[in-house]
$ cat structure_16.cif   # mmCIF, C-alpha atoms
data_coords
loop_
_atom_site.label_atom_id
_atom_site.label_comp_id
_atom_site.auth_asym_id
_atom_site.auth_seq_id
_atom_site.Cartn_x
_atom_site.Cartn_y
_atom_site.Cartn_z
CA MET H 61 -20.52 -6.78 -87.21
CA LYS H 62 -21.19 -7.41 -83.56
CA LYS H 63 -22.66 -3.97 -83.26
CA LYS H 64 -25.02 -4.68 -86.14
CA ILE H 65 -26.36 -7.84 -84.46
CA GLN H 66 -26.93 -5.88 -81.29
CA SER H 67 -28.99 -3.31 -83.11
CA ILE H 68 -31.04 -6.08 -84.79
CA ARG H 69 -31.60 -7.51 -81.35
CA TRP H 70 -33.16 -4.26 -80.31
CA LEU H 71 -35.43 -4.50 -83.31
CA VAL H 72 -36.42 -8.11 -82.61
CA ILE H 73 -37.78 -7.41 -79.14
CA PRO H 74 -40.46 -4.94 -80.21
CA LEU H 75 -41.25 -7.17 -83.22
CA VAL H 76 -41.88 -10.18 -80.99
CA LEU H 77 -43.97 -8.04 -78.67
CA MET H 78 -46.02 -6.80 -81.61
CA LEU H 79 -46.55 -10.33 -82.90
CA ALA H 80 -47.61 -11.51 -79.47
CA ALA H 81 -50.09 -8.67 -79.26
CA CYS H 82 -51.84 -9.65 -82.48
CA ASP H 83 -51.11 -13.40 -82.15
CA PRO H 84 -52.10 -14.69 -85.58
CA PHE H 85 -53.02 -18.12 -84.19
CA ARG H 86 -55.55 -16.92 -81.65
CA VAL H 87 -58.83 -15.48 -82.85
CA GLU H 88 -59.93 -13.01 -80.22
CA PRO H 89 -63.73 -12.73 -80.25
CA GLU H 90 -65.12 -9.25 -80.66
CA PRO H 91 -66.23 -8.17 -77.17
CA GLU H 92 -70.03 -8.48 -77.19
CA PRO H 93 -71.62 -5.05 -76.82
CA SER H 94 -73.82 -4.49 -73.79
CA PRO H 95 -77.44 -5.15 -74.84
CA GLU H 96 -79.99 -2.32 -74.78
CA GLU H 97 -82.49 -4.49 -72.87
CA VAL H 98 -82.09 -8.07 -71.60
CA GLU H 99 -83.47 -10.47 -68.98
CA GLY H 100 -80.82 -11.00 -66.31
CA TYR H 101 -80.02 -11.17 -62.62
CA ALA H 102 -79.88 -8.21 -60.24
CA PRO H 103 -78.65 -8.31 -56.62
CA VAL H 104 -81.10 -8.16 -53.71
CA TYR H 105 -79.59 -6.26 -50.76
CA ALA H 106 -80.08 -6.25 -47.00
CA THR H 107 -78.43 -4.35 -44.19
CA ALA H 108 -76.01 -6.50 -42.22
CA ASP H 109 -77.99 -6.21 -38.94
CA MET H 110 -81.19 -7.48 -40.65
CA ALA H 111 -79.54 -10.65 -41.92
CA GLY H 112 -80.33 -12.93 -38.97
CA THR H 113 -83.80 -11.69 -37.97
CA ILE H 114 -86.60 -14.20 -38.52
CA ALA H 115 -90.13 -13.35 -37.37
CA ALA H 116 -93.78 -13.32 -38.39
CA ARG H 117 -94.91 -9.84 -39.44
CA GLU H 118 -98.15 -8.34 -40.65
CA ALA H 119 -99.05 -9.26 -44.25
CA GLN H 120 -97.08 -7.23 -46.77
CA PRO H 121 -97.42 -6.35 -50.44
CA ILE H 122 -95.92 -8.83 -52.92
CA GLU H 123 -93.11 -7.03 -54.74
CA LYS H 124 -90.66 -9.57 -56.11
CA GLY H 125 -92.84 -12.67 -55.94
CA GLY H 126 -90.70 -15.82 -56.11
CA LYS H 127 -91.21 -19.56 -55.77
CA ILE H 128 -94.50 -21.02 -54.58
CA TYR H 129 -95.54 -23.83 -52.23
CA VAL H 130 -98.91 -25.09 -51.04
CA LYS H 131 -100.01 -27.13 -48.03
CA ASP H 132 -103.31 -27.49 -46.18
CA ASN H 133 -105.01 -24.73 -48.20
CA LYS H 134 -102.28 -22.28 -47.35
CA LEU H 135 -100.20 -20.83 -50.13
CA TYR H 136 -96.64 -19.67 -49.52
CA GLN H 137 -94.79 -17.36 -51.88
CA VAL H 138 -91.18 -16.33 -51.44
CA GLU H 139 -90.48 -12.60 -51.52
CA VAL H 140 -87.05 -12.91 -53.11
CA GLY H 141 -84.35 -12.25 -50.53
CA LYS H 142 -86.78 -11.03 -47.85
CA GLY H 143 -89.17 -13.69 -46.65
CA ILE H 144 -92.35 -15.66 -47.26
CA HIS H 145 -95.93 -14.48 -47.80
CA VAL H 146 -98.59 -16.75 -46.23
CA ILE H 147 -102.01 -16.74 -47.92
CA ASN H 148 -105.18 -18.61 -47.03
CA ILE H 149 -106.76 -20.07 -50.18
CA SER H 150 -109.58 -22.07 -48.55
CA ASP H 151 -111.89 -19.83 -50.57
CA GLY H 152 -110.30 -19.66 -54.01
CA ASP H 153 -112.47 -16.71 -55.03
CA ASN H 154 -111.29 -14.70 -52.08
CA PRO H 155 -107.69 -15.50 -51.05
CA GLN H 156 -106.53 -13.75 -47.87
CA LYS H 157 -102.99 -12.76 -46.95
CA ILE H 158 -102.40 -13.87 -43.37
CA LYS H 159 -98.78 -13.10 -42.50
CA PHE H 160 -95.35 -12.34 -43.82
CA ILE H 161 -92.46 -14.37 -42.38
CA GLN H 162 -89.33 -12.26 -42.52
CA VAL H 163 -86.32 -14.41 -43.54
CA THR H 164 -83.39 -12.56 -45.11
CA GLY H 165 -82.09 -14.25 -48.24
CA ALA H 166 -85.09 -16.54 -48.67
CA GLN H 167 -85.42 -18.22 -52.06
CA GLU H 168 -86.87 -21.62 -51.27
CA VAL H 169 -89.62 -23.08 -49.12
CA SER H 170 -90.81 -26.59 -48.21
CA ILE H 171 -93.02 -27.77 -45.38
CA MET H 172 -93.50 -31.00 -43.44
CA ASP H 173 -96.06 -31.29 -40.67
CA ASN H 174 -95.75 -28.00 -38.79
CA TYR H 175 -92.19 -27.29 -39.84
CA LEU H 176 -91.17 -24.93 -42.60
CA TYR H 177 -87.74 -25.26 -44.21
CA THR H 178 -86.19 -22.29 -45.95
CA ASN H 179 -82.82 -20.69 -46.53
CA ASN H 180 -81.57 -17.74 -44.49
CA VAL H 181 -79.00 -16.79 -47.15
CA ASN H 182 -76.80 -19.94 -47.03
CA ASP H 183 -78.14 -21.47 -43.80
CA LEU H 184 -80.93 -24.03 -43.73
CA VAL H 185 -83.43 -22.85 -41.11
CA VAL H 186 -86.34 -24.74 -39.59
CA LEU H 187 -89.36 -22.74 -38.42
CA ASN H 188 -92.20 -24.06 -36.28
CA ILE H 189 -95.31 -22.60 -37.92
CA ALA H 190 -97.93 -24.36 -35.76
CA ASP H 191 -98.90 -20.87 -34.55
CA ILE H 192 -98.49 -18.66 -37.60
CA ASN H 193 -98.65 -15.54 -35.40
CA ASN H 194 -95.69 -16.69 -33.40
CA VAL H 195 -93.21 -18.38 -35.75
CA GLN H 196 -90.21 -19.87 -33.95
CA VAL H 197 -86.79 -20.78 -35.29
CA VAL H 198 -86.18 -24.30 -33.95
CA ASP H 199 -83.03 -25.26 -35.82
CA ARG H 200 -80.36 -23.87 -38.09
CA VAL H 201 -77.83 -25.80 -40.19
CA THR H 202 -74.93 -23.61 -41.26
CA GLY H 203 -72.36 -23.89 -43.99
CA MET H 204 -73.97 -26.79 -45.85
CA PHE H 205 -75.07 -25.42 -49.19
CA HIS H 206 -74.30 -22.47 -51.42
CA LEU H 207 -77.56 -21.06 -52.68
CA VAL H 208 -76.42 -17.45 -52.68
CA ASP H 209 -73.10 -16.20 -54.02
CA PRO H 210 -72.75 -12.56 -52.92
CA ALA H 211 -70.42 -11.75 -55.84
CA LEU H 212 -71.96 -13.52 -58.82
CA PRO H 213 -75.51 -14.43 -59.96
CA PRO H 214 -76.60 -18.09 -60.21
CA ALA H 215 -76.24 -18.22 -64.00
CA ALA H 216 -73.93 -16.96 -66.71
CA GLY H 217 -74.71 -13.86 -68.72
CA TRP H 218 -75.21 -10.15 -68.21
CA PHE H 219 -76.11 -9.02 -64.69
CA GLU H 220 -76.52 -5.84 -62.67
CA CYS H 221 -73.19 -5.04 -60.98
CA VAL H 222 -73.02 -5.26 -57.19
CA ASP H 223 -72.98 -1.89 -55.43
CA ALA H 224 -71.52 -2.40 -51.93
CA LYS H 225 -72.99 0.94 -50.82
CA LYS H 226 -76.48 -0.60 -51.04
CA GLY H 227 -75.74 -3.29 -48.42
CA VAL H 228 -74.90 -6.99 -48.46
CA VAL H 229 -76.13 -9.22 -51.27
CA VAL H 230 -78.61 -11.78 -49.90
CA GLY H 231 -80.06 -13.04 -53.17
CA TRP H 232 -80.51 -12.54 -56.89
CA GLU H 233 -83.69 -11.75 -58.77
CA LEU H 234 -84.44 -12.03 -62.48
CA LYS H 235 -85.52 -8.80 -64.07
CA THR H 236 -85.18 -6.72 -67.19
CA LEU H 237 -81.80 -5.02 -67.31
CA TYR H 238 -81.00 -1.96 -69.39
CA ARG H 239 -77.46 -1.63 -70.72
CA PRO H 240 -75.91 -3.96 -68.08
CA VAL H 241 -72.15 -3.60 -67.55
CA CYS H 242 -71.22 -6.78 -65.65
CA ARG H 243 -71.08 -10.21 -67.21
CA LYS H 244 -70.49 -13.69 -65.79
CA ASN H 245 -68.93 -16.11 -68.23
CA MET Z 113 -122.04 -66.08 -59.88
CA LYS Z 114 -121.58 -63.14 -62.18
CA SER Z 115 -122.79 -60.70 -59.52
CA LEU Z 116 -120.50 -62.34 -56.96
CA LYS Z 117 -117.54 -61.71 -59.27
CA TYR Z 118 -118.75 -58.15 -59.65
CA ILE Z 119 -118.90 -57.64 -55.89
CA ALA Z 120 -115.44 -59.19 -55.49
CA PHE Z 121 -114.14 -56.80 -58.15
CA ILE Z 122 -115.63 -53.75 -56.40
CA LEU Z 123 -114.22 -54.97 -53.08
CA CYS Z 124 -110.76 -55.31 -54.59
CA ILE Z 125 -110.89 -51.76 -55.91
CA ALA Z 126 -112.13 -50.46 -52.56
CA VAL Z 127 -109.31 -52.28 -50.74
CA ALA Z 128 -106.71 -51.01 -53.22
CA ALA Z 129 -108.02 -47.45 -52.88
CA GLY Z 130 -108.03 -47.83 -49.10
CA CYS Z 131 -104.40 -48.99 -49.10
CA ASP Z 132 -103.38 -46.10 -51.29
CA LYS Z 133 -104.94 -43.64 -48.88
CA ALA Z 134 -103.42 -45.30 -45.85
CA GLU Z 135 -99.98 -45.20 -47.46
CA ASN Z 136 -100.02 -41.51 -48.30
CA GLY Z 137 -102.30 -40.31 -45.56
CA ALA Z 138 -104.12 -38.40 -48.32
CA PRO Z 139 -105.35 -38.82 -51.88
CA ALA Z 140 -102.51 -39.00 -54.41
CA SER Z 141 -102.96 -35.49 -55.75
CA ALA Z 142 -102.99 -33.82 -52.34
CA ASP Z 143 -100.25 -33.31 -49.76
CA GLN Z 144 -97.96 -36.33 -49.60
CA GLY Z 145 -97.01 -37.82 -46.26
CA GLY Z 146 -97.19 -34.63 -44.19
CA ALA Z 147 -95.41 -32.53 -46.82
CA GLY Z 148 -96.92 -29.98 -49.18
CA LYS Z 149 -96.42 -29.42 -52.88
CA GLY Z 150 -93.91 -27.16 -54.61
CA GLY Z 151 -93.46 -25.86 -58.14
CA SER Z 152 -91.14 -27.19 -60.83
CA LEU Z 153 -88.60 -24.39 -60.34
CA ALA Z 154 -87.85 -25.44 -56.75
CA ARG Z 155 -84.43 -26.32 -55.34
CA PHE Z 156 -85.99 -27.90 -52.21
CA THR Z 157 -88.21 -30.97 -52.21
CA ILE Z 158 -89.46 -33.33 -49.51
CA ALA Z 159 -89.96 -37.04 -50.20
CA GLN Z 160 -89.76 -40.20 -48.08
CA LYS Z 161 -89.32 -38.10 -44.91
CA HIS Z 162 -86.19 -36.48 -46.30
CA LEU Z 163 -85.45 -32.97 -47.48
CA TYR Z 164 -83.46 -32.75 -50.72
CA VAL Z 165 -81.69 -29.52 -51.62
CA VAL Z 166 -79.78 -28.76 -54.81
CA ASP Z 167 -77.36 -25.87 -54.99
CA ASN Z 168 -75.26 -25.05 -58.03
CA MET Z 169 -73.39 -28.37 -58.03
CA GLU Z 170 -74.46 -30.64 -55.19
CA LEU Z 171 -77.42 -32.60 -53.89
CA HIS Z 172 -77.74 -32.32 -50.09
CA THR Z 173 -79.92 -34.83 -48.22
CA TYR Z 174 -81.36 -34.29 -44.72
CA SER Z 175 -83.33 -36.85 -42.74
CA LEU Z 176 -86.57 -35.43 -41.30
CA GLU Z 177 -87.09 -38.37 -38.96
CA ASN Z 178 -87.29 -35.61 -36.37
CA PRO Z 179 -88.73 -32.82 -38.55
CA ALA Z 180 -87.69 -30.16 -36.03
CA SER Z 181 -84.04 -31.11 -36.39
CA PRO Z 182 -82.85 -32.16 -39.87
CA LYS Z 183 -79.82 -34.44 -39.94
CA ALA Z 184 -77.50 -34.37 -42.96
CA THR Z 185 -77.17 -37.90 -44.34
CA SER Z 186 -75.50 -37.41 -47.71
CA LYS Z 187 -73.93 -34.88 -50.05
CA VAL Z 188 -73.14 -35.77 -53.66
CA ILE Z 189 -71.81 -33.81 -56.61
CA ILE Z 190 -74.30 -33.94 -59.48
CA GLY Z 191 -72.76 -31.69 -62.12
CA GLU Z 192 -72.57 -28.03 -63.09
CA ASP Z 193 -75.30 -25.38 -63.18
CA ILE Z 194 -77.95 -27.38 -61.33
CA GLU Z 195 -81.25 -25.50 -61.19
CA THR Z 196 -84.24 -27.61 -60.15
CA ILE Z 197 -85.32 -30.77 -58.32
CA TYR Z 198 -88.58 -32.71 -58.64
CA SER Z 199 -89.55 -35.85 -56.74
CA TYR Z 200 -91.88 -38.61 -57.87
CA LYS Z 201 -92.35 -41.72 -55.73
CA ASP Z 202 -88.84 -43.18 -55.17
CA LYS Z 203 -87.09 -40.97 -57.73
CA LEU Z 204 -85.59 -37.52 -57.98
CA PHE Z 205 -85.46 -35.67 -61.29
CA ILE Z 206 -82.77 -32.98 -61.28
CA GLY Z 207 -82.52 -30.30 -63.97
CA SER Z 208 -79.25 -28.62 -64.88
CA GLN Z 209 -78.41 -26.25 -67.71
CA ASN Z 210 -77.32 -29.14 -69.92
CA ALA Z 211 -78.88 -32.33 -68.61
CA MET Z 212 -81.62 -34.07 -66.65
CA TYR Z 213 -80.41 -36.47 -63.96
CA ILE Z 214 -82.46 -39.26 -62.39
CA TYR Z 215 -81.61 -40.45 -58.85
CA SER Z 216 -83.11 -43.31 -56.88
CA ILE Z 217 -84.22 -42.62 -53.31
CA SER Z 218 -85.15 -46.23 -52.50
CA ASP Z 219 -82.54 -45.69 -49.80
CA ALA Z 220 -83.91 -42.26 -48.98
CA GLY Z 221 -80.90 -41.04 -46.99
CA HIS Z 222 -78.48 -41.90 -49.78
CA PRO Z 223 -79.62 -40.93 -53.28
CA ALA Z 224 -77.98 -43.02 -56.01
CA LYS Z 225 -77.64 -42.03 -59.64
CA LEU Z 226 -79.66 -44.06 -62.14
CA GLY Z 227 -79.39 -42.27 -65.46
CA ASN Z 228 -79.25 -38.96 -67.24
CA ALA Z 229 -80.12 -37.34 -70.55
CA SER Z 230 -78.06 -34.49 -71.96
CA HIS Z 231 -79.47 -31.66 -73.96
CA VAL Z 232 -78.43 -28.29 -75.34
CA ARG Z 233 -77.48 -25.56 -72.90
CA ALA Z 234 -80.58 -23.83 -71.51
CA CYS Z 235 -82.70 -23.41 -68.36
CA ASP Z 236 -84.67 -26.57 -67.72
CA PRO Z 237 -87.26 -27.55 -65.12
CA VAL Z 238 -88.57 -31.14 -65.12
CA VAL Z 239 -91.81 -32.91 -64.21
CA ALA Z 240 -92.23 -36.66 -64.44
CA ASP Z 241 -94.14 -39.82 -63.55
CA ASP Z 242 -93.46 -43.57 -63.96
CA THR Z 243 -93.37 -43.43 -67.73
CA VAL Z 244 -92.45 -39.95 -68.88
CA ALA Z 245 -90.37 -36.87 -68.05
CA TYR Z 246 -91.11 -33.48 -69.57
CA VAL Z 247 -88.17 -31.10 -69.68
CA THR Z 248 -88.55 -27.55 -70.93
CA VAL Z 249 -85.49 -25.72 -72.21
CA ARG Z 250 -85.50 -21.97 -72.47
CA SER Z 251 -82.73 -19.96 -74.04
CA GLY Z 252 -81.71 -16.42 -73.17
CA ASN Z 253 -79.09 -14.26 -71.52
CA SER Z 254 -79.01 -16.06 -68.17
CA CYS Z 255 -79.68 -19.53 -69.61
CA GLY Z 256 -77.46 -19.64 -72.68
CA GLY Z 257 -78.41 -21.48 -75.84
CA THR Z 258 -80.79 -20.58 -78.61
CA LEU Z 259 -83.42 -23.29 -78.36
CA ASN Z 260 -86.90 -23.01 -76.82
CA ALA Z 261 -88.52 -26.40 -76.66
CA MET Z 262 -90.06 -29.15 -74.57
CA PHE Z 263 -88.36 -32.54 -74.66
CA VAL Z 264 -90.36 -35.68 -73.92
CA TYR Z 265 -88.36 -38.57 -72.45
CA ASP Z 266 -89.43 -42.17 -72.02
CA VAL Z 267 -88.20 -43.00 -68.50
CA ARG Z 268 -89.58 -46.54 -68.20
CA SER Z 269 -85.97 -47.61 -68.49
CA VAL Z 270 -84.55 -45.13 -65.99
CA LEU Z 271 -80.97 -46.14 -66.56
CA ASN Z 272 -81.27 -44.94 -70.11
CA PRO Z 273 -83.98 -42.30 -70.69
CA LYS Z 274 -84.92 -42.06 -74.37
CA GLU Z 275 -85.94 -38.88 -76.13
CA ARG Z 276 -89.29 -39.57 -77.77
CA ASN Z 277 -90.40 -36.15 -78.88
CA ALA Z 278 -89.42 -32.46 -79.00
CA ILE Z 279 -91.93 -29.66 -79.30
CA ASN Z 280 -90.94 -26.13 -80.26
CA MET Z 281 -92.08 -23.48 -77.81
CA ASP Z 282 -91.85 -19.70 -77.39
CA SER Z 283 -90.27 -19.30 -73.94
CA PRO Z 284 -91.04 -22.20 -71.60
CA TRP Z 285 -90.58 -21.78 -67.81
CA GLY Z 286 -92.10 -24.07 -65.16
CA LEU Z 287 -94.60 -26.85 -65.79
CA GLY Z 288 -97.09 -29.05 -63.95
CA MET Z 289 -98.96 -32.31 -64.54
CA SER Z 290 -102.45 -33.22 -63.41
CA GLY Z 291 -103.96 -36.46 -64.68
CA ASN Z 292 -103.97 -36.29 -68.45
CA THR Z 293 -103.25 -32.56 -68.58
CA LEU Z 294 -99.91 -30.77 -68.75
CA PHE Z 295 -99.58 -27.04 -68.06
CA VAL Z 296 -96.53 -25.24 -69.44
CA CYS Z 297 -95.81 -21.62 -68.42
CA GLN Z 298 -94.32 -19.49 -71.16
CA GLY Z 299 -93.56 -16.16 -69.47
CA SER Z 300 -95.15 -13.33 -71.43
CA ASN Z 301 -96.22 -15.85 -74.09
CA GLY Z 302 -98.97 -17.21 -71.85
CA MET Z 303 -99.62 -20.71 -70.55
CA ALA Z 304 -100.03 -23.70 -72.89
CA VAL Z 305 -102.27 -26.61 -71.90
CA TYR Z 306 -101.62 -30.05 -73.41
CA ASP Z 307 -103.63 -33.24 -73.44
CA ILE Z 308 -101.18 -35.98 -72.45
CA SER Z 309 -103.49 -39.01 -72.71
CA ASN Z 310 -100.69 -40.22 -74.93
CA ARG Z 311 -97.75 -39.40 -72.68
CA TYR Z 312 -95.18 -39.16 -75.48
CA TYR Z 313 -97.28 -37.12 -77.90
CA PRO Z 314 -98.75 -34.12 -76.05
CA SER Z 315 -101.43 -32.33 -78.06
CA LEU Z 316 -102.00 -28.62 -77.55
CA LYS Z 317 -105.53 -27.97 -76.30
CA GLN Z 318 -105.60 -24.38 -75.18
CA ARG Z 319 -103.49 -21.31 -74.49
CA TYR Z 320 -104.17 -18.71 -71.82
CA PHE Z 321 -102.90 -15.15 -71.88
CA ASP Z 322 -104.28 -13.81 -68.59
CA ASP Z 323 -100.80 -12.97 -67.27
CA THR Z 324 -97.02 -13.53 -67.46
CA TYR Z 325 -96.66 -17.12 -66.21
CA TYR Z 326 -93.53 -18.57 -64.55
CA ASP Z 327 -94.56 -21.72 -62.68
CA VAL Z 328 -97.61 -23.79 -61.82
CA ILE Z 329 -98.87 -26.21 -59.15
CA PRO Z 330 -101.97 -28.35 -59.73
CA TYR Z 331 -103.45 -28.70 -56.23
CA ASN Z 332 -106.63 -30.78 -55.85
CA ASP Z 333 -109.31 -28.83 -57.71
CA MET Z 334 -107.15 -25.72 -57.99
CA LEU Z 335 -104.39 -24.59 -60.31
CA ILE Z 336 -101.93 -22.18 -58.68
CA CYS Z 337 -99.80 -20.09 -61.02
CA MET Z 338 -96.76 -18.04 -60.14
CA VAL Z 339 -97.15 -14.95 -62.32
CA GLN Z 340 -95.43 -11.59 -62.60
CA GLY Z 341 -95.87 -9.82 -59.26
CA GLY Z 342 -97.82 -12.54 -57.48
CA MET Z 343 -100.09 -15.52 -58.05
CA LEU Z 344 -103.15 -16.42 -60.06
CA LEU Z 345 -105.70 -19.04 -58.92
CA TYR Z 346 -107.83 -21.12 -61.28
CA GLU Z 347 -110.46 -23.72 -60.61
CA LEU Z 348 -109.17 -26.99 -62.11
CA LYS Z 349 -111.87 -29.27 -63.50
CA PRO Z 350 -111.33 -33.07 -63.73
CA ASP Z 351 -111.10 -32.83 -67.54
CA GLY Z 352 -108.27 -30.29 -67.28
CA GLN Z 353 -110.38 -27.21 -68.09
CA ILE Z 354 -109.50 -24.19 -65.95
CA LEU Z 355 -111.57 -21.24 -64.78
CA LYS Z 356 -109.98 -18.07 -63.40
CA LEU Z 357 -110.80 -17.42 -59.73
CA ALA Z 358 -108.58 -14.66 -58.32
CA LYS Z 359 -105.25 -12.88 -58.55
CA ILE Z 360 -103.06 -12.35 -55.50
CA SER Z 361 -100.76 -9.37 -55.97
CA GLY Z 362 -99.68 -6.07 -54.42
#
$ encode --input "structure_16.cif" --output "C-alpha cells"
Amino acid sequence: MKKKIQSIRWLVIPLVLMLAACDPFRVEPEPEPSPEEVEGYAPVYATADMAGTIAAREAQPIEKGGKIYVKDNKLYQVEVGKGIHVINISDGDNPQKIKFIQVTGAQEVSIMDNYLYTNNVNDLVVLNIADINNVQVVDRVTGMFHLVDPALPPAAGWFECVDAKKGVVVGWELKTLYRPVCRKN
Amino acid sequence: MKSLKYIAFILCIAVAAGCDKAENGAPASADQGGAGKGGSLARFTIAQKHLYVVDNMELHTYSLENPASPKATSKVIIGEDIETIYSYKDKLFIGSQNAMYIYSISDAGHPAKLGNASHVRACDPVVADDTVAYVTVRSGNSCGGTLNAMFVYDVRSVLNPKERNAINMDSPWGLGMSGNTLFVCQGSNGMAVYDISNRYYPSLKQRYFDDTYYDVIPYNDMLICMVQGGMLLYELKPDGQILKLAKISG
C-alpha cells in the first residue's frame, strides 16, 4: 500500500507541473507578431569622447530635424542627438543657415536674452550665444532630469534594439521601423 | 462733449496698449520677456523668468534671475509618461499620455497643481489661452490607444476643466494658435486650419498638403512648421490665411 502511494506521488509531481504550465486560470495573450512596418523609436549614437564637446561649427545639413524654437528672427532646430541648427529668417523668402551648435544628446532648446538652454544628454547646459561664432558654455547642471534613457525609448511600443557596437545612446528618434524585434511594455 | 468722450476713449486704449507693451517688452505675439517661442511638442519652456523642464515623470523648475546660472527651485512629480509643456501667462499646461495637467506659476519658483483632465491613452500636445485648451491625441505604436482626435476643454474654471467638444482627426501632432486661427499638424495627412472665433467649436477652414507636418509656431507675420527633414516657412496674414515662402532642408 505504502509503495502504491509513493508511486502516485511520483505521478502527482509531473501532473502539477503540467497544470502550472497551462494554468487554466491565467489567459496568456498571444505574443504580438513583429509588425512589417511601424512608426517607432530608434537609438541615436555617439562616440564616448564626443559626448561632452560643445562648440559652434559651420552650418550643416538637416538630417534628423527635431524640435523648433524662434527668437529675434533666428530659427533654431534641434538635430536629434547632435546639436542645434541656427537659421536667419529675417528674409522669409530666403532663409540662411548661419551655424550649427554641436551638443551631443540635444533634444530641447529654449532661449532667454543671450542664453540658450539645452540638454547635453541628461545635463542642463547654458550657452552664451551673444557671439554666435564663438558659443561658450557658461553653466552646466548635472543629474537633475532624465530626458534620455540609454536602454529604453521614451514611450512604450516597438523600437529598434540598441547595438552597443555603434556607440553610446544619446537620444531617440522617431522613424519608420521594419520588422522591429525589441518592445517596451 | 461727445468728441471729448471719444478722445478719452482713444486715450484709454492707447494707455492700455502702452502698458501691455511695457509689461512684455514686446507685442503679445512676439518674444515674451526676453524669451523666444517654442513649439507645442517642447519639454522646455520659459515663463516668468523661470525655465520649466518636464522629463518622463517630473516637472523641474529653475530660476533664471541670473540667466547665465539657473538655480533649481522646485521639483515635483506630475505623473507617468509626461511628454509636453506649454506656458500661457501664469499657467503651465502639461501633456502626458493619459491626461492634461494645469499648474499655476503665480509663485513662479514653485508650480502648484490646479486641475487636470484625463483622456484615453495617446500622445498629446496642448495649446491654451484664458478660456480654452486644445489637446490632440494621436494613437500608434509609440503612443498606445486607437483614437485620433482633438479635445476642446473649457478652462475658465481651471480647477475643473470641462470637455466641450471632440473632433475626429487623421493623425494629429503639434498645434499652434494665432488670434482666431488654430493650426493642427497631421503628419503625412497635412495641416488643418480651423477658425476658432468660437473657441469651443472650431470650424475647419482649409487643409494644406505641402509636406509632412509635425509642429508649428505662429511668429508675428510668419508661420514656422517643423516638417519631415527640416522646416517650412509661410507668410501668416492677419485673417489666418497662409502663403508658402520657403523650405529649409538638407
$ atom_distance --input "structure_16.cif" --atom1 "CA of Ala108 in chain H" --atom2 "CA of Gly227 in chain H"
7.0 Å
$ resolve_selection --input "structure_16.cif" --expression "the PyMOL selection byres ((chain Z) within 6 of (chain H))" --output "ChimeraX atom specification"
/Z:146-150,167,181,253-254,341-342,357-358,361-362
$ atom_distance --input "structure_16.cif" --atom1 "CA of Pro284 in chain Z" --atom2 "CA of Lys317 in chain Z"
16.3 Å
$ closest_residue --input "structure_16.cif" --among "Z:Gly299, Z:Pro237, Z:Gly252, Z:Gly286" --to "Gln340 in chain Z" --atoms "all atoms listed in the file"
Z:Gly299
$ resolve_selection --input "structure_16.cif" --expression "the PyMOL selection byres ((chain Z and resi 205) around 8)" --output "VMD selection string"
chain Z and resid 197 to 200 203 to 204 206 to 207 212 to 215 238 to 240
$ residues_near_point --input "structure_16.cif" --point "(-104.3, -34.7, -70.9)" --cutoff "7 Å" --atoms "only C-alpha atoms" --output "list in words"
Gly291, Asn292, Thr293, Leu294, Tyr306, Asp307, Ile308, Ser309 and Gly352 of chain Z
$ atom_distance --input "structure_16.cif" --atom1 "CA of Lys159 in chain H" --atom2 "CA of Ala106 in chain H"
20.4 Å
$ closest_residue --input "structure_16.cif" --among "H:Val241, H:Ala190, H:Val181, H:Thr107" --to "Lys225 in chain H" --atoms "all atoms listed in the file"
H:Thr107
$ closest_residue --input "structure_16.cif" --among "Z:Arg276, Z:Lys161, Z:Lys349, Z:Lys225" --to "Thr173 in chain Z" --atoms "all atoms listed in the file"
Z:Lys161
$ closest_residue --input "structure_16.cif" --among "Z:Ile354, Z:Leu163, Z:Ala278, Z:Ala184" --to "Asp322 in chain Z" --atoms "all atoms listed in the file"
Z:Ile354
$ residues_around --input "structure_16.cif" --residues "range 330-333 of chain Z" --least-positions-apart "6" --cutoff "8 Å" --atoms "all atoms listed in the file" --output "PDB file with C-alpha atoms, in the coordinates of the input"
ATOM      1  CA  VAL H 130     -98.910 -25.090 -51.040  1.00  0.00           C
TER       2      VAL H 130
ATOM      3  CA  SER Z 141    -102.960 -35.490 -55.750  1.00  0.00           C
ATOM      4  CA  ALA Z 142    -102.990 -33.820 -52.340  1.00  0.00           C
ATOM      5  CA  LYS Z 149     -96.420 -29.420 -52.880  1.00  0.00           C
ATOM      6  CA  GLY Z 288     -97.090 -29.050 -63.950  1.00  0.00           C
ATOM      7  CA  MET Z 289     -98.960 -32.310 -64.540  1.00  0.00           C
ATOM      8  CA  SER Z 290    -102.450 -33.220 -63.410  1.00  0.00           C
ATOM      9  CA  GLU Z 347    -110.460 -23.720 -60.610  1.00  0.00           C
ATOM     10  CA  LEU Z 348    -109.170 -26.990 -62.110  1.00  0.00           C
ATOM     11  CA  LYS Z 349    -111.870 -29.270 -63.500  1.00  0.00           C
ATOM     12  CA  PRO Z 350    -111.330 -33.070 -63.730  1.00  0.00           C
TER      13      PRO Z 350
END
$ resolve_selection --input "structure_16.cif" --expression "the PyMOL selection byres ((chain Z and resi 230) around 10)" --output "PyMOL selection string"
chain Z and resi 208-213+228-229+231-233+273+275
$ closest_residue --input "structure_16.cif" --among "Z:Lys274, Z:Arg319, Z:Lys187, Z:Lys201" --to "Ile158 in chain Z" --atoms "all atoms listed in the file"
Z:Lys201
$ residues_near_point --input "structure_16.cif" --point "(-103.6, -11.0, -69.4)" --cutoff "12 Å" --atoms "all atoms listed in the file" --output "VMD selection string"
chain Z and resid 299 to 303 319 to 325 339 to 340 344 356 359
$ residues_around --input "structure_16.cif" --residues "Ala166 in chain H" --least-positions-apart "6" --cutoff "6 Å" --atoms "all atoms listed in the file" --output "list in words"
Gly141, Lys142, Gly143, Asn179 and Asn180 of chain H
$ closest_residue --input "structure_16.cif" --among "Z:Arg311, Z:His162, Z:His172, Z:Arg268" --to "Leu226 in chain Z" --atoms "all atoms listed in the file"
Z:Arg268
